[in-house]
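Let me begin by presenting the structure, written as structure tokens, before commenting on it.
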Amino acid sequence: MSIAALGECMLELQGPAFGQLRQTFGGDTLNTAVYLARCGGAHLRVHYATALGDDSLSAGLLERWAAEGVQTGLVQRLPGRLPGLYLIELDEGGERRFHYWRGQAAARSYFDSAATSLEDQADALDALYLSGISLAILPPAGRERVLALMARMRARGAVVAFDNNFRPRLWDSLADARYWYERAFAAASIALITADDHQALHGLPDLASGVAAAQGLPVDEVAIKRGALPAIVGAHGAWQEVATETVSRVVDTTAAGDSFAAGYLSQRLSGVAPVEAAAFGNRLAARVIQHPGALIPREAMEDLVGRG
């Protein structure tokens, strides 16, 4: 099986403002791609589609993705451009605050060329994964091409998974975001929903309203994440709760949803039923939030990957 994740990876700085910082990298769909590669092993070929510059930092990112087993043949290198940058500050409870420098990031220009490697090779892929952030960073013409690609792949029976990851600051308005999200959900076969993001997107009064709205989406399969509360999976009126894993201490919630998506999709692409796939996604997310940063050490999850 083969899957492509589309989006943006940025350089990541961790630590307090004006204190010592640790440098690494991350981005919602890249995090998912790495965890997919770890979970899928030899049975799942994971590609990452994005744009980078021709600088040493971009070259370093490509080397690190390849070391994680992520295929980089769909990456475009744009002369004179750079990857984006973000800083994570954590509070005592492990919740994070992000600061971004991404306005001129190369990933925003992935669809500026007449054709991309992703579009050219789409017929050889079994699945496509993208997020609301993947759409948000692109200009309207790029979004149209993504939606056309989603429709083309779904029409031939490929899995098309859309993760709602809603970041208001990336959109011109709520109305604009709602327009593109509605079209993305219509083109997807699987929706991965963070309930409070769906609540914020639609201006709903509480989390329960966000869940109810997600359950009304016109998508064949929906997995709804509710933080520490049980996940909800199903579609069209048939829903089941899947308990989360209890952890003794939350260190960093970065990439909790990204790792859930990877765990869920890795299992679904292997033919595992949605409830069992969500249970594995919950186990992986619980492991991730006990470590700092978006990508935890590989050895910290080897026992989970071995169990599947």
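Labels used: A, B, ... for chains in the order of the structure tokens, numbers from 1 for residues in each chain, and numbers from 1 for ligands as shown.
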
Please extract the residues of stretch 45-263 of chain A with a backbone DSSP assignment of helix (DSSP H, G or I) and present them as a ChimeraX atom specification. /A:56-67,106-109,117-124,132-136,140-155,168-170,174-187,195-201,207-215,256-263

What's around stretch 249-253 of chain A at 12 Å? Count only C-alpha atoms, leave out sequence neighbours fewer than 3 positions away in its own chain, and write the answer as a PyMOL selection string. chain A and resi 14-15+88-97+227-228+245-246+256-260+285-296

From the set A:Ala124, A:Leu82, A:Ala200, A:Leu57, which residue has the shortest atom-to-atom contact distance to A:Met1, counting only C-alpha atoms? A:Ala124

Set the distance at 9 Å and use only C-alpha atoms: which residues neighbour A:Gly203 once local chain neighbours fewer than 5 positions away are removed? I'd like the list as a CSV table (one decimal) with all heavy atoms, in the first residue's frame.
chain,number,residue,atom,x,y,z
A,174,LEU,N,-13.9,33.3,8.7
A,174,LEU,CA,-14.6,32.1,9.0
A,174,LEU,C,-15.4,31.6,7.8
A,174,LEU,O,-15.4,30.4,7.5
A,174,LEU,CB,-15.5,32.2,10.2
A,174,LEU,CG,-14.9,32.0,11.6
A,174,LEU,CD1,-16.0,32.3,12.7
A,174,LEU,CD2,-14.4,30.6,11.8
A,198,HIS,N,-13.7,21.7,15.2
A,198,HIS,CA,-15.0,21.7,14.4
A,198,HIS,C,-16.0,22.7,15.1
A,198,HIS,O,-16.7,23.5,14.4
A,198,HIS,CB,-15.6,20.3,14.3
A,198,HIS,CG,-16.5,20.1,13.1
A,198,HIS,ND1,-16.1,20.2,11.8
A,198,HIS,CD2,-17.8,19.9,13.1
A,198,HIS,CE1,-17.1,20.0,11.0
A,198,HIS,NE2,-18.2,19.8,11.7
A,210,GLY,N,-20.1,20.6,18.6
A,210,GLY,CA,-19.1,20.3,17.6
A,210,GLY,C,-19.2,18.8,17.2
A,210,GLY,O,-19.0,18.5,16.0

Atomic separation - atom CA of A:Val75 relative to atom CA of A:Trp171, Å: 24.4 Å
